[in-house]
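A.B. asks: I am attaching a structure below and will ask some questions about it afterwards.
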Amino acid sequence: MFDYQQLYDKYYPAGTRARDILERHSRSVCDLALAIDHTLGLGIDPERIEVAAMLHDIGIFMTDADGIDCHGSEQYIRHGILGADLLRVEDAPEWAALVAERHTGAGISADDIRELNLPLPCDRVLMPESLLERLICYADKFYSKSGDMKIKSLDRVRASMARHSQSTQRRFEQLHDEFGTAVHALGM
């Protein structure tokens, strides 16, 4: 298994608020993704789920997001592609880099990038494609990195997706169609 802890140690000093936020959020996403995989019998390698979930937000330190104690120079919406690029430099598995790259929102289409004038490249696929990518993207929506960091209700997730755009909301509903029976079975 790829040692994601090495990257935490390298880019997030122990004892910092940013490290605590990243670890708590990523562990929550990991636990939910593992529970969904188990409940639905998806058959994804649990080690891949763990590595992908623990690294999906590795790029947040490069962004300017005071609320989560990140003081980089990039816009927060770029954390996924920044993290993917970092993972590639660090020789992480490509599947982990793709999860980081494609988990933001419910995926971001090239049309969204152009229409909303987002500071993202139109020449990269930023929509979750593989089962692992879709699973982590979905599980991620139930946890915020700010506030109490407790699991969000489905209604709160839906409201959050609707605030972004109708296309984001539609994409989330497609993910929910795929994984939602597990969320209901888990009592969420």
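Chain lettering (A, B, ...) mirrors the order of the structure tokens, residue numbering begins at 1 for each chain separately, and ligand numbering begins at 1 in order of display.
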Please identify all polymer residues within 10 Å of Ser144 (chain A), counting only C-alpha atoms, omitting same-chain residues fewer than 6 positions from it, and present them as a PyMOL selection string.
C.D. replies: chain A and resi 21+25-26+28-29+150-152+157
A.B. asks: Pull the strand (DSSP E) assignments for chain A out of DSSP run on the backbone, and list those residues as a ChimeraX atom specification.
C.D. replies: /A:64-65,70-71
A.B. asks: What does the distance from CA of Phe179 (chain A) to CA of Asp37 (chain A) come to in Å, to one decimal?
C.D. replies: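 One can read the CA of Phe179 (chain A) to CA of Asp37 (chain A) distance as 8.8 Å.
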A.B. asks: Extract the full set of helix (DSSP H, G or I) residues from region 25-147 of chain A according to DSSP on the backbone, and format it as an MDAnalysis selection string.
C.D. replies: chainID A and resid 25:40 46:55 58:62 66:68 76:89 94:102 110:115 131:140
A.B. asks: Kindly give the distance, in Å, that separates CA of Glu47 (chain A) and CA of Thr181 (chain A), rounded to a single decimal.
C.D. replies: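 CA of Glu47 (chain A) sits 22.9 Å away from CA of Thr181 (chain A).
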A.B. asks: Please measure the separation of CA of Arg78 (chain A) and CA of Asp57 (chain A), giving the value in Å to one decimal.
C.D. replies: 10.5 Å
A.B. asks: Which is closest to Pro46 (chain A) among A:Leu132, A:Tyr8, A:Leu126, A:Pro119, if we use only C-alpha atoms?
C.D. replies: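 Nearest candidate to Pro46 (chain A) out of A:Leu132, A:Tyr8, A:Leu126, A:Pro119: A:Leu132.
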A.B. asks: Go through A:Leu82, A:Ala182, A:Phe172, A:Glu101 one by one, measure the shortest atom-to-atom distance of each to His38 (chain A) using only C-alpha atoms, and give the residue with the smallest value.
C.D. replies: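 Using only C-alpha atoms, the shortest distance to His38 (chain A) belongs to A:Ala182.
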A.B. asks: Please provide as a PyMOL selection string all residues within 12 Å of Asp111 (chain A), with the sequence filter that same-chain residues fewer than 3 positions apart are discarded (counting only C-alpha atoms).
C.D. replies: chain A and resi 107-108+114-118+120-123+125-127+165+167-168
A.B. asks: Excluding Gln6 (chain A) and its own-chain neighbours fewer than 2 positions away, which residues fall within 12 Å of it when counting only C-alpha atoms? Please give them as a PDB file with N, CA, C and O atoms, in the first residue's frame.
C.D. replies:
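As written to disk, part-v2.pdb reads:
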ATOM      1  N   PHE A   2       0.492   2.250  -0.768  1.00  0.00           N
ATOM      2  CA  PHE A   2       1.228   3.508  -0.814  1.00  0.00           C
ATOM      3  C   PHE A   2       1.146   4.191   0.555  1.00  0.00           C
ATOM      4  O   PHE A   2       0.077   4.283   1.153  1.00  0.00           O
ATOM      5  N   ASP A   3       2.275   4.684   1.046  1.00  0.00           N
ATOM      6  CA  ASP A   3       2.350   5.286   2.384  1.00  0.00           C
ATOM      7  C   ASP A   3       1.942   6.761   2.335  1.00  0.00           C
ATOM      8  O   ASP A   3       2.779   7.647   2.195  1.00  0.00           O
ATOM      9  N   TYR A   4       0.646   7.002   2.455  1.00  0.00           N
ATOM     10  CA  TYR A   4       0.141   8.374   2.416  1.00  0.00           C
ATOM     11  C   TYR A   4       0.621   9.179   3.624  1.00  0.00           C
ATOM     12  O   TYR A   4       0.734  10.394   3.560  1.00  0.00           O
ATOM     13  N   TYR A   8       1.647  13.263   4.335  1.00  0.00           N
ATOM     14  CA  TYR A   8       1.122  14.090   5.415  1.00  0.00           C
ATOM     15  C   TYR A   8       2.282  14.705   6.188  1.00  0.00           C
ATOM     16  O   TYR A   8       2.287  15.899   6.474  1.00  0.00           O
ATOM     17  N   ASP A   9       3.257  13.868   6.532  1.00  0.00           N
ATOM     18  CA  ASP A   9       4.401  14.354   7.312  1.00  0.00           C
ATOM     19  C   ASP A   9       5.213  15.398   6.542  1.00  0.00           C
ATOM     20  O   ASP A   9       5.715  16.350   7.132  1.00  0.00           O
ATOM     21  N   LYS A  10       5.316  15.223   5.248  1.00  0.00           N
ATOM     22  CA  LYS A  10       6.120  16.129   4.423  1.00  0.00           C
ATOM     23  C   LYS A  10       5.447  17.491   4.218  1.00  0.00           C
ATOM     24  O   LYS A  10       6.116  18.525   4.238  1.00  0.00           O
ATOM     25  N   TYR A  11       4.126  17.498   4.032  1.00  0.00           N
ATOM     26  CA  TYR A  11       3.439  18.729   3.649  1.00  0.00           C
ATOM     27  C   TYR A  11       2.548  19.337   4.742  1.00  0.00           C
ATOM     28  O   TYR A  11       2.123  20.482   4.606  1.00  0.00           O
ATOM     29  N   TYR A  12       2.275  18.588   5.782  1.00  0.00           N
ATOM     30  CA  TYR A  12       1.403  19.055   6.866  1.00  0.00           C
ATOM     31  C   TYR A  12       2.102  18.781   8.198  1.00  0.00           C
ATOM     32  O   TYR A  12       2.021  17.665   8.719  1.00  0.00           O
ATOM     33  N   PRO A  13       2.766  19.774   8.764  1.00  0.00           N
ATOM     34  CA  PRO A  13       3.496  19.547  10.020  1.00  0.00           C
ATOM     35  C   PRO A  13       2.584  18.988  11.124  1.00  0.00           C
ATOM     36  O   PRO A  13       1.432  19.411  11.273  1.00  0.00           O
ATOM     37  N   ALA A  14       3.101  18.031  11.854  1.00  0.00           N
ATOM     38  CA  ALA A  14       2.360  17.436  12.972  1.00  0.00           C
ATOM     39  C   ALA A  14       1.951  18.532  13.953  1.00  0.00           C
ATOM     40  O   ALA A  14       2.694  19.486  14.190  1.00  0.00           O
ATOM     41  N   VAL A  51      -6.209   4.667   0.601  1.00  0.00           N
ATOM     42  CA  VAL A  51      -5.197   5.572   0.048  1.00  0.00           C
ATOM     43  C   VAL A  51      -5.864   6.723  -0.703  1.00  0.00           C
ATOM     44  O   VAL A  51      -5.518   7.888  -0.504  1.00  0.00           O
ATOM     45  N   MET A  54      -7.636   9.099   1.760  1.00  0.00           N
ATOM     46  CA  MET A  54      -6.716   9.848   2.613  1.00  0.00           C
ATOM     47  C   MET A  54      -5.913  10.885   1.824  1.00  0.00           C
ATOM     48  O   MET A  54      -5.381  11.824   2.402  1.00  0.00           O
ATOM     49  N   LEU A  55      -5.849  10.732   0.502  1.00  0.00           N
ATOM     50  CA  LEU A  55      -5.067  11.667  -0.317  1.00  0.00           C
ATOM     51  C   LEU A  55      -5.914  12.589  -1.196  1.00  0.00           C
ATOM     52  O   LEU A  55      -5.365  13.472  -1.859  1.00  0.00           O
ATOM     53  N   ILE A  58      -5.101  16.275  -0.562  1.00  0.00           N
ATOM     54  CA  ILE A  58      -3.708  16.565  -0.209  1.00  0.00           C
ATOM     55  C   ILE A  58      -3.274  17.951  -0.689  1.00  0.00           C
ATOM     56  O   ILE A  58      -2.376  18.563  -0.117  1.00  0.00           O
ATOM     57  N   LEU A  87       0.733  14.555  -6.271  1.00  0.00           N
ATOM     58  CA  LEU A  87       0.789  13.099  -6.153  1.00  0.00           C
ATOM     59  C   LEU A  87       1.603  12.482  -7.282  1.00  0.00           C
ATOM     60  O   LEU A  87       2.352  11.517  -7.066  1.00  0.00           O
ATOM     61  N   GLU A  90       5.200  12.950  -6.537  1.00  0.00           N
ATOM     62  CA  GLU A  90       5.591  12.088  -5.414  1.00  0.00           C
ATOM     63  C   GLU A  90       5.468  10.597  -5.740  1.00  0.00           C
ATOM     64  O   GLU A  90       5.589   9.753  -4.859  1.00  0.00           O
ATOM     65  N   ASP A  91       5.234  10.271  -7.001  1.00  0.00           N
ATOM     66  CA  ASP A  91       5.142   8.879  -7.464  1.00  0.00           C
ATOM     67  C   ASP A  91       4.033   8.074  -6.795  1.00  0.00           C
ATOM     68  O   ASP A  91       4.165   6.861  -6.586  1.00  0.00           O
ATOM     69  N   ALA A  92       2.950   8.748  -6.443  1.00  0.00           N
ATOM     70  CA  ALA A  92       1.773   8.041  -5.947  1.00  0.00           C
ATOM     71  C   ALA A  92       1.126   7.308  -7.119  1.00  0.00           C
ATOM     72  O   ALA A  92       1.360   7.663  -8.288  1.00  0.00           O
TER      73      ALA A  92
END
A.B. asks: Of the residues A:His79, A:Lys141, A:Arg156, A:Arg134, which is the one nearest to Gln174 (chain A), using only C-alpha atoms?
C.D. replies: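 For Gln174 (chain A), the nearest of the given residues is A:Arg134.
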A.B. asks: Hey, which of A:Leu175, A:Ala162, A:Ile68, A:Leu98 ends up closest to Gly147 (chain A)? Count only C-alpha atoms.
C.D. replies: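 With only C-alpha atoms as the atom set, the closest residue is A:Ile68.
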A.B. asks: Which of these residues is nearest to Arg163 (chain A), using only C-alpha atoms: A:Ala65, A:Ala96, A:Gly105, A:Thr16?
C.D. replies: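 Once distances to Arg163 (chain A) are computed over only C-alpha atoms, the minimum belongs to A:Gly105.
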A.B. asks: For Leu135 (chain A), which of A:Arg102, A:Arg158, A:His71, A:His184 is the closest residue, counting only C-alpha atoms?
C.D. replies: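 Closest candidate: A:Arg102.
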A.B. asks: Within 8 Å of Gly59 (chain A), counting only C-alpha atoms, which residues qualify if same-chain residues fewer than 2 places away don't, as number ranges by chain?
C.D. replies: A: 56-57, 61-63, 79-84, 86
A.B. asks: Take the residues that were just selected and, keeping C-alpha atoms, output them as a JSON list (two decimals), in the first residue's frame.
C.D. replies:
[["chain", "number", "residue", "atom", "x", "y", "z"],
["A", 56, "HIS", "CA", -8.02, 13.19, -2.17],
["A", 57, "ASP", "CA", -7.52, 16.60, -0.48],
["A", 61, "PHE", "CA", -2.29, 23.48, 1.72],
["A", 62, "MET", "CA", -1.49, 25.22, -1.57],
["A", 63, "THR", "CA", -4.76, 27.16, -1.46],
["A", 79, "HIS", "CA", -7.00, 21.99, -4.71],
["A", 80, "GLY", "CA", -7.93, 18.85, -6.64],
["A", 81, "ILE", "CA", -5.72, 19.45, -9.65],
["A", 82, "LEU", "CA", -2.92, 20.80, -7.44],
["A", 83, "GLY", "CA", -3.12, 17.67, -5.31],
["A", 84, "ALA", "CA", -3.13, 15.42, -8.37],
["A", 86, "LEU", "CA", 1.68, 16.79, -6.36]]
